>>> print(open('target20.txt').read())   # compact mmCIF, C-alpha atoms and all ligand atoms
# COMPACT_ATOMS: atom_id res chain seq x y z
CA MET A 1 50.46 -5.15 17.99
CA GLU A 2 50.49 -5.54 21.80
CA ASN A 3 53.51 -3.22 22.11
CA ILE A 4 51.78 -0.51 20.10
CA LEU A 5 48.59 -0.88 22.14
CA SER A 6 50.50 -0.44 25.39
CA ILE A 7 51.29 3.19 24.41
CA PRO A 8 48.98 5.18 26.76
CA PHE A 9 47.18 7.31 24.15
CA LEU A 10 46.56 4.28 21.92
CA LYS A 11 45.33 2.08 24.75
CA HIS A 12 41.70 3.17 24.32
CA LEU A 13 41.67 1.62 20.84
CA SER A 14 41.77 -1.83 22.37
CA ASN A 15 38.81 -3.28 24.24
CA ASP A 16 39.14 -5.65 27.16
CA ILE A 17 36.26 -8.04 27.66
CA ALA A 18 35.41 -10.30 30.60
CA VAL A 19 33.19 -13.29 29.79
CA ASP A 20 31.52 -15.76 32.14
CA LEU A 21 30.20 -18.69 30.13
CA GLY A 22 27.88 -20.22 32.70
CA THR A 23 25.71 -23.29 32.24
CA SER A 24 22.49 -21.30 32.77
CA ASN A 25 23.57 -17.70 32.40
CA SER A 26 26.38 -16.02 30.54
CA SER A 27 27.64 -12.54 31.36
CA ILE A 28 29.94 -10.23 29.49
CA SER A 29 31.36 -6.81 30.23
CA SER A 30 33.70 -4.36 28.57
CA ASP A 31 35.94 -1.72 30.13
CA SER A 32 35.56 0.70 27.23
CA THR A 33 31.78 0.77 26.83
CA SER A 34 31.00 0.11 30.54
CA ILE A 35 28.25 -2.23 29.35
CA LYS A 36 27.47 -5.36 31.36
CA PHE A 37 25.18 -7.81 29.64
CA SER A 38 23.76 -11.11 30.82
CA GLU A 39 21.48 -13.67 29.18
CA SER A 40 20.53 -17.32 29.40
CA SER A 41 23.10 -19.73 27.93
CA PHE A 42 20.71 -21.43 25.52
CA ALA A 43 20.62 -21.88 21.76
CA ALA A 44 17.83 -23.17 19.51
CA TYR A 45 19.08 -25.34 16.66
CA ASP A 46 16.90 -26.14 13.63
CA GLN A 47 17.94 -29.61 12.45
CA ARG A 48 16.09 -29.22 9.13
CA LYS A 49 17.78 -25.93 8.19
CA LYS A 50 20.96 -27.03 10.00
CA GLN A 51 21.32 -23.65 11.65
CA VAL A 52 20.97 -21.84 14.96
CA ILE A 53 17.70 -19.90 14.94
CA ALA A 54 17.84 -18.22 18.35
CA VAL A 55 20.22 -17.76 21.29
CA GLY A 56 20.02 -16.38 24.83
CA ASP A 57 16.71 -15.65 26.57
CA ARG A 58 14.78 -16.10 23.30
CA ALA A 59 16.01 -19.69 22.98
CA LYS A 60 15.32 -20.45 26.66
CA LYS A 61 11.69 -19.34 26.25
CA MET A 62 11.29 -22.01 23.53
CA LEU A 63 12.22 -24.82 25.95
CA GLY A 64 9.45 -27.47 25.94
CA ARG A 65 7.58 -25.64 23.18
CA THR A 66 9.39 -26.72 20.00
CA PRO A 67 8.59 -29.10 17.15
CA PRO A 68 10.83 -32.20 17.19
CA TYR A 69 13.29 -30.82 14.61
CA ILE A 70 14.18 -27.80 16.77
CA LYS A 71 16.50 -28.67 19.63
CA ILE A 72 17.13 -26.40 22.58
CA ILE A 73 20.76 -26.77 23.54
CA ARG A 74 22.88 -25.60 26.42
CA PRO A 75 26.16 -25.21 24.50
CA ILE A 76 28.20 -24.70 27.66
CA LYS A 77 28.46 -26.87 30.70
CA ASN A 78 30.30 -25.49 33.68
CA GLY A 79 32.49 -23.17 31.59
CA ILE A 80 33.33 -25.86 29.04
CA ILE A 81 32.16 -25.83 25.42
CA GLY A 82 29.90 -28.80 24.70
CA ASN A 83 28.83 -27.68 21.23
CA LYS A 84 31.29 -25.42 19.42
CA GLU A 85 29.01 -24.10 16.67
CA THR A 86 26.20 -23.02 18.99
CA ALA A 87 28.69 -21.74 21.58
CA CYS A 88 30.23 -19.47 18.93
CA TYR A 89 26.76 -18.09 18.12
CA LEU A 90 26.17 -17.39 21.80
CA ILE A 91 29.58 -15.72 22.24
CA ALA A 92 29.08 -13.62 19.10
CA TYR A 93 25.63 -12.58 20.37
CA LEU A 94 27.05 -11.58 23.76
CA MET A 95 29.89 -9.63 22.12
CA LYS A 96 27.50 -7.84 19.76
CA ASN A 97 25.61 -6.45 22.74
CA LEU A 98 28.76 -4.70 23.99
CA LYS A 99 28.64 -2.36 20.98
CA LEU A 100 32.44 -2.40 20.55
CA SER A 101 34.23 -0.60 17.75
CA ASN A 102 35.39 -2.98 15.03
CA LEU A 103 38.72 -1.22 14.68
CA ILE A 104 40.84 -3.59 16.74
CA LYS A 105 39.79 -7.03 17.91
CA PRO A 106 39.30 -7.28 21.71
CA ARG A 107 41.33 -9.04 24.39
CA VAL A 108 39.17 -11.58 26.19
CA LEU A 109 39.45 -13.00 29.69
CA ALA A 110 37.24 -16.04 30.32
CA GLY A 111 36.83 -18.38 33.27
CA VAL A 112 37.30 -22.16 33.09
CA PRO A 113 36.90 -24.76 35.84
CA ASP A 114 40.13 -25.56 37.65
CA ASP A 115 39.82 -29.26 36.75
CA SER A 116 39.29 -28.69 33.02
CA SER A 117 41.57 -30.57 30.66
CA GLU A 118 43.95 -28.99 28.13
CA ILE A 119 41.60 -30.06 25.33
CA GLU A 120 38.61 -28.45 27.04
CA ARG A 121 40.56 -25.24 27.59
CA PHE A 122 41.73 -25.28 24.01
CA SER A 123 38.15 -25.51 22.73
CA VAL A 124 37.21 -22.44 24.81
CA LEU A 125 40.18 -20.57 23.33
CA GLU A 126 39.19 -21.61 19.83
CA ALA A 127 35.57 -20.57 20.28
CA PHE A 128 36.67 -17.08 21.33
CA ARG A 129 39.22 -16.81 18.54
CA LEU A 130 36.56 -17.82 16.01
CA SER A 131 34.24 -15.22 17.55
CA GLY A 132 36.76 -12.45 16.87
CA ALA A 133 39.03 -12.20 19.93
CA ARG A 134 42.60 -10.94 19.44
CA ILE A 135 44.02 -12.55 22.58
CA VAL A 136 42.26 -14.97 24.92
CA TYR A 137 43.29 -15.43 28.54
CA LEU A 138 41.77 -18.19 30.63
CA ILE A 139 41.63 -18.17 34.39
CA GLU A 140 40.40 -20.67 36.96
CA GLN A 141 36.83 -19.56 37.63
CA ILE A 142 37.00 -19.88 41.39
CA ILE A 143 39.95 -17.47 41.68
CA ALA A 144 38.17 -14.79 39.65
CA VAL A 145 34.94 -15.45 41.61
CA ALA A 146 36.86 -14.81 44.84
CA ILE A 147 38.37 -11.58 43.46
CA GLY A 148 34.90 -10.47 42.32
CA SER A 149 33.57 -11.26 45.80
CA ASP A 150 36.03 -8.71 47.31
CA ILE A 151 38.23 -11.42 48.84
CA PRO A 152 41.92 -10.40 49.17
CA VAL A 153 43.17 -13.50 47.34
CA MET A 154 46.77 -12.28 47.00
CA GLU A 155 47.34 -12.16 50.76
CA ALA A 156 48.85 -15.10 52.67
CA ASN A 157 45.53 -15.98 54.25
CA GLY A 158 42.96 -18.75 54.30
CA ASN A 159 40.18 -17.22 52.23
CA ILE A 160 37.22 -19.51 51.63
CA ILE A 161 34.90 -18.98 48.68
CA VAL A 162 31.87 -21.00 47.59
CA ASP A 163 30.50 -20.73 44.03
CA LEU A 164 26.98 -22.13 43.79
CA GLY A 165 26.01 -22.48 40.15
CA THR A 166 23.84 -24.70 37.97
CA THR A 167 25.93 -27.83 37.61
CA SER A 168 28.08 -27.73 40.69
CA CYS A 169 28.92 -26.23 44.03
CA ARG A 170 32.63 -25.38 44.19
CA VAL A 171 34.36 -24.66 47.46
CA ALA A 172 37.94 -23.39 47.53
CA ILE A 173 40.50 -22.12 49.98
CA ILE A 174 42.70 -19.54 48.30
CA SER A 175 45.95 -18.00 49.48
CA LEU A 176 48.67 -16.02 47.66
CA GLY A 177 46.65 -16.11 44.43
CA GLY A 178 46.49 -19.91 44.28
CA ILE A 179 44.08 -22.69 45.20
CA VAL A 180 45.14 -24.44 48.40
CA LYS A 181 42.17 -26.85 48.60
CA MET A 182 39.12 -27.32 46.44
CA GLN A 183 36.05 -29.51 46.70
CA THR A 184 33.20 -29.85 44.27
CA THR A 185 29.77 -31.43 44.45
CA PRO A 186 27.03 -31.75 41.80
CA PHE A 187 24.37 -30.76 44.34
CA ALA A 188 23.55 -27.37 42.83
CA GLY A 189 20.86 -25.59 40.77
CA GLU A 190 20.08 -28.33 38.25
CA TYR A 191 19.92 -30.99 40.97
CA MET A 192 17.55 -28.76 42.97
CA ASP A 193 15.23 -28.37 39.95
CA LYS A 194 15.13 -32.19 39.65
CA ALA A 195 14.38 -32.49 43.38
CA VAL A 196 11.41 -30.13 42.91
CA SER A 197 10.24 -32.19 39.92
CA GLU A 198 10.42 -35.44 41.91
CA MET A 199 8.55 -33.89 44.82
CA LEU A 200 5.72 -32.77 42.48
CA MET A 201 5.38 -36.29 41.06
CA ARG A 202 5.54 -37.95 44.46
CA LYS A 203 3.19 -35.61 46.27
CA TYR A 204 0.83 -34.35 43.58
CA ASN A 205 1.25 -36.90 40.72
CA LEU A 206 2.16 -33.88 38.63
CA LEU A 207 4.68 -33.80 35.79
CA VAL A 208 5.90 -30.29 34.88
CA GLY A 209 8.62 -28.88 32.61
CA GLU A 210 12.12 -27.91 33.79
CA LEU A 211 11.46 -24.17 33.49
CA THR A 212 8.46 -24.50 35.83
CA CYS A 213 10.54 -26.46 38.35
CA GLU A 214 13.15 -23.70 38.32
CA LYS A 215 10.40 -21.06 38.71
CA ILE A 216 9.01 -22.90 41.74
CA LYS A 217 12.50 -23.11 43.25
CA LEU A 218 13.10 -19.38 42.68
CA GLN A 219 9.70 -18.32 44.02
CA LEU A 220 9.23 -20.70 46.97
CA GLY A 221 12.71 -22.11 47.60
CA SER A 222 14.29 -21.66 51.00
CA ALA A 223 17.17 -23.24 52.91
CA VAL A 224 15.38 -22.73 56.23
CA LYS A 225 11.82 -23.44 57.30
CA LEU A 226 9.77 -20.27 56.81
CA ASP A 227 7.24 -19.00 59.38
CA GLN A 228 5.28 -17.24 56.70
CA LYS A 229 3.92 -19.80 54.26
CA SER A 230 3.16 -18.97 50.66
CA SER A 231 2.03 -21.03 47.70
CA MET A 232 2.00 -21.18 43.93
CA HIS A 233 -0.56 -22.69 41.57
CA VAL A 234 1.18 -25.04 39.13
CA GLY A 235 -0.21 -26.67 35.99
CA GLY A 236 1.12 -29.86 34.33
CA ARG A 237 0.19 -33.44 33.43
CA ASN A 238 -1.15 -36.01 35.86
CA ILE A 239 1.24 -38.98 35.69
CA LYS A 240 -1.55 -41.45 36.53
CA THR A 241 -4.24 -40.27 34.11
CA GLY A 242 -2.03 -38.59 31.50
CA LEU A 243 -4.45 -35.65 31.52
CA PRO A 244 -3.83 -31.97 32.31
CA ASP A 245 -3.89 -31.32 36.04
CA SER A 246 -2.80 -28.68 38.55
CA ALA A 247 -1.81 -28.35 42.19
CA THR A 248 -1.10 -25.73 44.83
CA VAL A 249 2.53 -26.07 45.92
CA TRP A 250 3.63 -24.70 49.29
CA THR A 251 6.90 -23.29 50.61
CA ASN A 252 7.18 -26.26 52.95
CA ASP A 253 7.00 -28.73 50.02
CA VAL A 254 9.90 -26.95 48.34
CA PHE A 255 11.88 -26.59 51.58
CA GLU A 256 11.62 -30.37 52.08
CA ALA A 257 12.57 -31.10 48.45
CA LEU A 258 15.64 -28.84 48.65
CA SER A 259 16.84 -29.98 52.06
CA GLU A 260 18.97 -32.84 50.64
CA PRO A 261 20.97 -30.70 48.13
CA VAL A 262 21.22 -27.85 50.64
CA ASN A 263 22.62 -30.18 53.32
CA LYS A 264 25.07 -31.67 50.80
CA ILE A 265 26.31 -28.16 50.01
CA VAL A 266 26.86 -27.47 53.73
CA LYS A 267 28.67 -30.83 54.09
CA THR A 268 30.95 -30.02 51.14
CA ILE A 269 31.94 -26.70 52.72
CA GLU A 270 32.52 -28.46 56.04
CA SER A 271 34.64 -31.15 54.44
CA CYS A 272 36.76 -28.57 52.55
CA ILE A 273 37.42 -26.73 55.82
CA GLU A 274 38.25 -30.00 57.59
CA SER A 275 40.79 -30.87 54.90
CA ALA A 276 42.48 -27.45 55.03
CA PRO A 277 46.03 -27.31 56.38
CA HIS A 278 46.02 -26.31 60.09
CA GLY A 279 47.57 -22.91 59.40
CA PHE A 280 44.41 -21.75 57.60
CA ILE A 281 41.78 -22.70 60.17
CA ASN A 282 42.03 -19.54 62.29
CA ASP A 283 41.89 -17.34 59.17
CA ILE A 284 38.75 -19.12 57.96
CA VAL A 285 37.02 -18.73 61.32
CA ASP A 286 38.10 -15.04 61.51
CA LYS A 287 37.23 -14.04 57.96
CA GLY A 288 34.20 -16.25 57.48
CA ILE A 289 32.75 -17.95 54.40
CA THR A 290 31.66 -16.04 51.29
CA ILE A 291 29.02 -17.55 49.00
CA SER A 292 28.51 -16.48 45.38
CA GLY A 293 26.71 -17.69 42.24
CA GLY A 294 22.96 -17.76 41.61
CA ILE A 295 22.07 -20.04 44.52
CA ALA A 296 23.81 -17.76 47.02
CA SER A 297 20.63 -15.65 46.85
CA MET A 298 18.45 -18.53 48.08
CA ARG A 299 16.52 -17.46 51.14
CA GLY A 300 18.24 -18.35 54.39
CA LEU A 301 21.21 -20.21 52.90
CA ASP A 302 23.78 -17.86 54.47
CA ARG A 303 22.02 -18.16 57.85
CA LEU A 304 21.89 -21.95 57.63
CA ILE A 305 25.61 -22.23 56.81
CA THR A 306 26.47 -19.88 59.69
CA LYS A 307 24.32 -21.92 62.08
CA LYS A 308 25.47 -25.38 60.99
CA LEU A 309 29.20 -24.63 60.76
CA GLY A 310 29.48 -21.99 63.48
CA ILE A 311 31.39 -19.74 61.05
CA LYS A 312 29.96 -16.46 59.77
CA CYS A 313 28.75 -16.79 56.19
CA LYS A 314 28.09 -13.78 53.96
CA ILE A 315 26.72 -13.35 50.45
CA ALA A 316 29.06 -11.79 47.88
CA PRO A 317 28.03 -8.43 46.42
CA GLU A 318 26.05 -9.11 43.19
CA PRO A 319 26.57 -12.88 43.66
CA SER A 320 25.45 -13.80 40.14
CA PHE A 321 28.14 -11.52 38.68
CA SER A 322 31.08 -12.41 40.93
CA LEU A 323 33.00 -14.14 38.15
CA VAL A 324 32.64 -11.36 35.61
CA ARG A 325 33.39 -8.71 38.30
CA GLY A 326 36.55 -10.56 39.27
CA MET A 327 37.72 -10.82 35.67
CA GLU A 328 37.02 -7.10 35.11
CA ARG A 329 39.30 -6.36 38.07
CA ILE A 330 42.05 -8.63 36.80
CA LEU A 331 41.96 -7.02 33.34
CA ALA A 332 42.17 -3.57 34.89
CA ASP A 333 45.08 -4.39 37.21
CA LYS A 334 48.45 -4.77 35.53
CA HIS A 335 49.95 -6.48 38.59
CA LEU A 336 47.24 -9.12 38.61
CA MET A 337 47.56 -9.56 34.83
CA LYS A 338 51.30 -10.03 35.26
CA PHE A 339 50.81 -12.46 38.13
CA PHE A 340 48.30 -14.66 36.30
CA PHE A 341 49.60 -14.30 32.73
CA ASN A 342 53.22 -13.45 32.23
CA SER A 343 53.17 -13.23 28.46
CA SER A 344 50.95 -11.54 25.91
CA GLN A 345 50.30 -14.81 24.10
CA ASP A 346 47.10 -16.82 24.47
CA ARG A 347 47.35 -18.64 27.76
CA LEU A 348 45.73 -21.96 28.45
CA SER A 349 45.94 -21.56 32.18
CA SER A 350 46.83 -18.97 34.72
CA LEU A 351 48.79 -21.29 36.92
CA LYS A 352 50.79 -23.34 34.45
N1 LIG B 1 17.22 -16.84 44.52
C1 LIG B 1 17.60 -18.03 44.09
N2 LIG B 1 17.32 -19.15 44.81
C2 LIG B 1 17.71 -20.38 44.40
N3 LIG B 1 18.36 -20.60 43.25
C3 LIG B 1 18.66 -19.54 42.49
C4 LIG B 1 18.30 -18.20 42.85
N4 LIG B 1 18.71 -17.36 41.87
C5 LIG B 1 19.31 -18.14 40.92
N5 LIG B 1 19.27 -19.44 41.30
C6 LIG B 1 19.77 -20.61 40.56
O1 LIG B 1 21.17 -20.43 40.35
C7 LIG B 1 21.55 -21.16 39.19
C8 LIG B 1 22.29 -20.24 38.25
O2 LIG B 1 23.39 -19.73 38.94
P1 LIG B 1 24.65 -19.17 38.11
O3 LIG B 1 24.17 -18.15 37.13
O4 LIG B 1 25.68 -18.79 39.12
O5 LIG B 1 25.05 -20.52 37.37
P2 LIG B 1 25.93 -20.70 36.08
O6 LIG B 1 27.14 -19.83 36.21
O7 LIG B 1 25.10 -20.52 34.86
O8 LIG B 1 26.30 -22.25 36.23
P3 LIG B 1 27.73 -22.96 36.38
O9 LIG B 1 28.59 -22.04 37.21
O10 LIG B 1 27.41 -24.27 37.06
O11 LIG B 1 28.23 -23.12 34.99
C9 LIG B 1 20.27 -21.65 38.52
O12 LIG B 1 20.06 -23.01 38.87
C10 LIG B 1 19.22 -20.75 39.15
O13 LIG B 1 17.95 -21.37 39.17
MG MG B 2 29.01 -19.99 37.12
>>> encode(input="target20.txt", output="structure tokens")
Amino acid sequence: MENILSIPFLKHLSNDIAVDLGTSNSSISSDSTSIKFSESSFAAYDQRKKQVIAVGDRAKKMLGRTPPYIKIIRPIKNGIIGNKETACYLIAYLMKNLKLSNLIKPRVLAGVPDDSSEIERFSVLEAFRLSGARIVYLIEQIIAVAIGSDIPVMEANGNIIVDLGTTSCRVAIISLGGIVKMQTTPFAGEYMDKAVSEMLMRKYNLLVGELTCEKIKLQLGSAVKLDQKSSMHVGGRNIKTGLPDSATVWTNDVFEALSEPVNKIVKTIESCIESAPHGFINDIVDKGITISGGIASMRGLDRLITKKLGIKCKIAPEPSFSLVRGMERILADKHLMKFFFNSSQDRLSSLK
């Protein structure tokens, strides 16, 4: 089949799909339909009917508002399938939105964490195969993130990339298409939401849901102290009285709550640079640090990193889509495909 599909005029019959299965958000794109689609990585499971009743943004909106027999699940954690059945629903839903022809099953490229085990990688492969993929290629997320952030990863250079997602902050130095050094810390989006929640309880005796904590972080969050203060009115439950209550939360409250995870992120980048082989240090200082992932858009984070480390930090173009952009580029470039995957069989890893 692959030989036939490599004939130029038959090539258009096959679709190539790039899929980022993120903990909070999943993105998918296809070369043939030029559609890029992104939704929340949530699924709602009805334990009485024993079936998935909603996926994506619809399921996320149900969070905290379900009867006890409906569970809101995040089927994916950091690129790894936690719950195969719901993950397959989510993947099928993402693929449906690409409006592909059903003639020939697609080739899929998906990202997995560099430290994932063979079993974890196998379950990602299986989920895609069950969802209708013809061939599944897996690549270390951080390499595709760097490619999608316009970093020339194939050069013999110390390129430093930081992916700031929901479950972790991943820092890597990449040269000649491979990871030279990598450091990871759990101080990322989810940890920040918890820090906001703890601040609300400590300061205002207020208990609020996780979606509200994330909303506060997105609206008021900042890595640097802001001159212009703004606020948000938040409703929840008073932890002392158990009754409904509300409070006005200020930018400064959120800045203080986020300062610990933000500083840990800066420290992780610093420590990765410190552990880099000497030959890369000049390159890193010359080329600077690129940040990607959802948190890269946090106000002032690039400025803070630049100030604290004395190395220019820039935000990747479309930072939330760096992974899927990188995978689109790999799929479209036969040299990169050959470099990362030298056979047309399903590959468990790009580097093995
Ligand atoms: N402007 C912003 N400021 C702060 N945090 C943000 C901002 N925009 C998005 N985020 C946070 O970024 C996180 C999502 O980022 P992203 O989509 O890169 O993660 P993911 O790929 O789903 O997770 P992971 O890579 O850990 O599996 C969420 O915690 C979200 O609240
Ligand atoms: Mg991610």
>>> atom_distance(input="target20.txt", atom1="CA of Tyr204 (chain A)", atom2="CA of Asn238 (chain A)")
8.1 Å
>>> residues_near_ligand(input="target20.txt", ligand="ligand MG 2 (chain B)", cutoff="8 Å", atoms="all atoms listed in the file", output="number ranges by chain")
A: 20-25, 78-79, 141, 163-166, 293-294, 320, 323
>>> atom_distance(input="target20.txt", atom1="CA of Ile173 (chain A)", atom2="CA of Phe280 (chain A)")
8.6 Å
>>> residues_around(input="target20.txt", residues="Arg74 (chain A)", least_positions_apart="5", cutoff="10 Å", atoms="all atoms listed in the file", output="PyMOL selection string")
chain A and resi 22-25+40-44+55-56+59-60+81-83+86-87+90
>>> write_last_selection(input="target20.txt", atoms="C-alpha atoms", output="PDB file, keeping the file's coordinate frame")
ATOM      1  CA  GLY A  22      27.880 -20.220  32.700  1.00  0.00           C
ATOM      2  CA  THR A  23      25.710 -23.290  32.240  1.00  0.00           C
ATOM      3  CA  SER A  24      22.490 -21.300  32.770  1.00  0.00           C
ATOM      4  CA  ASN A  25      23.570 -17.700  32.400  1.00  0.00           C
ATOM      5  CA  SER A  40      20.530 -17.320  29.400  1.00  0.00           C
ATOM      6  CA  SER A  41      23.100 -19.730  27.930  1.00  0.00           C
ATOM      7  CA  PHE A  42      20.710 -21.430  25.520  1.00  0.00           C
ATOM      8  CA  ALA A  43      20.620 -21.880  21.760  1.00  0.00           C
ATOM      9  CA  ALA A  44      17.830 -23.170  19.510  1.00  0.00           C
ATOM     10  CA  VAL A  55      20.220 -17.760  21.290  1.00  0.00           C
ATOM     11  CA  GLY A  56      20.020 -16.380  24.830  1.00  0.00           C
ATOM     12  CA  ALA A  59      16.010 -19.690  22.980  1.00  0.00           C
ATOM     13  CA  LYS A  60      15.320 -20.450  26.660  1.00  0.00           C
ATOM     14  CA  ILE A  81      32.160 -25.830  25.420  1.00  0.00           C
ATOM     15  CA  GLY A  82      29.900 -28.800  24.700  1.00  0.00           C
ATOM     16  CA  ASN A  83      28.830 -27.680  21.230  1.00  0.00           C
ATOM     17  CA  THR A  86      26.200 -23.020  18.990  1.00  0.00           C
ATOM     18  CA  ALA A  87      28.690 -21.740  21.580  1.00  0.00           C
ATOM     19  CA  LEU A  90      26.170 -17.390  21.800  1.00  0.00           C
TER      20      LEU A  90
END
>>> closest_residue(input="target20.txt", among="A:Tyr191, A:Trp250, A:Phe128, A:Phe341", to="ligand LIG 1 (chain B)", atoms="only C-alpha atoms and all ligand atoms")
A:Tyr191
>>> residues_around(input="target20.txt", residues="Ser197 (chain A)", least_positions_apart="3", cutoff="6 Å", atoms="all atoms listed in the file", output="mmCIF file with C-alpha atoms, in the frame of the given file")
data_model
loop_
_atom_site.group_PDB
_atom_site.id
_atom_site.type_symbol
_atom_site.label_atom_id
_atom_site.label_comp_id
_atom_site.auth_asym_id
_atom_site.auth_seq_id
_atom_site.Cartn_x
_atom_site.Cartn_y
_atom_site.Cartn_z
ATOM 1 C CA LYS A 194 15.130 -32.190 39.650
ATOM 2 C CA LEU A 200 5.720 -32.770 42.480
ATOM 3 C CA CYS A 213 10.540 -26.460 38.350
#
>>> residues_around(input="target20.txt", residues="Ile80 (chain A)", least_positions_apart="4", cutoff="9 Å", atoms="all atoms listed in the file", output="PyMOL selection string")
chain A and resi 21-23+75-76+112-113+116+120-121+123-124
>>> closest_residue(input="target20.txt", among="A:Met298, A:Ile73, A:Ala127, A:Met337", to="ligand LIG 1 (chain B)", atoms="all atoms listed in the file")
A:Met298
>>> residues_around(input="target20.txt", residues="Ser27 (chain A)", least_positions_apart="6", cutoff="8 Å", atoms="only C-alpha atoms", output="PyMOL selection string")
chain A and resi 19-21+36-39+94+321+324
>>> build_atoms(input="target20.txt", residues="region 59-70 of chain A", atoms="N, CA and C atoms", output="mmCIF file, keeping the file's coordinate frame")
data_model
loop_
_atom_site.group_PDB
_atom_site.id
_atom_site.type_symbol
_atom_site.label_atom_id
_atom_site.label_comp_id
_atom_site.auth_asym_id
_atom_site.auth_seq_id
_atom_site.Cartn_x
_atom_site.Cartn_y
_atom_site.Cartn_z
ATOM 1 N N ALA A 59 15.934 -18.229 23.131
ATOM 2 C CA ALA A 59 16.010 -19.690 22.980
ATOM 3 C C ALA A 59 15.496 -20.380 24.236
ATOM 4 N N LYS A 60 15.785 -19.820 25.410
ATOM 5 C CA LYS A 60 15.320 -20.450 26.660
ATOM 6 C C LYS A 60 13.796 -20.494 26.705
ATOM 7 N N LYS A 61 13.162 -19.397 26.226
ATOM 8 C CA LYS A 61 11.690 -19.340 26.250
ATOM 9 C C LYS A 61 11.062 -20.428 25.387
ATOM 10 N N MET A 62 11.834 -20.964 24.422
ATOM 11 C CA MET A 62 11.290 -22.010 23.530
ATOM 12 C C MET A 62 11.324 -23.385 24.177
ATOM 13 N N LEU A 63 12.054 -23.509 25.310
ATOM 14 C CA LEU A 63 12.220 -24.820 25.950
ATOM 15 C C LEU A 63 10.873 -25.490 26.217
ATOM 16 N N GLY A 64 10.705 -26.730 25.740
ATOM 17 C CA GLY A 64 9.450 -27.470 25.940
ATOM 18 C C GLY A 64 8.343 -27.067 24.991
ATOM 19 N N ARG A 65 8.633 -26.137 24.078
ATOM 20 C CA ARG A 65 7.580 -25.640 23.180
ATOM 21 C C ARG A 65 8.016 -25.706 21.719
ATOM 22 N N THR A 66 8.861 -26.683 21.371
ATOM 23 C CA THR A 66 9.390 -26.720 20.000
ATOM 24 C C THR A 66 8.898 -27.966 19.254
ATOM 25 N N PRO A 67 8.812 -27.871 17.919
ATOM 26 C CA PRO A 67 8.590 -29.100 17.150
ATOM 27 C C PRO A 67 9.833 -29.977 17.247
ATOM 28 N N PRO A 68 9.705 -31.292 16.934
ATOM 29 C CA PRO A 68 10.830 -32.200 17.190
ATOM 30 C C PRO A 68 12.130 -31.835 16.479
ATOM 31 N N TYR A 69 12.056 -31.124 15.353
ATOM 32 C CA TYR A 69 13.290 -30.820 14.610
ATOM 33 C C TYR A 69 14.027 -29.594 15.157
ATOM 34 N N ILE A 70 13.445 -28.914 16.133
ATOM 35 C CA ILE A 70 14.180 -27.800 16.770
ATOM 36 C C ILE A 70 14.647 -28.250 18.149
#
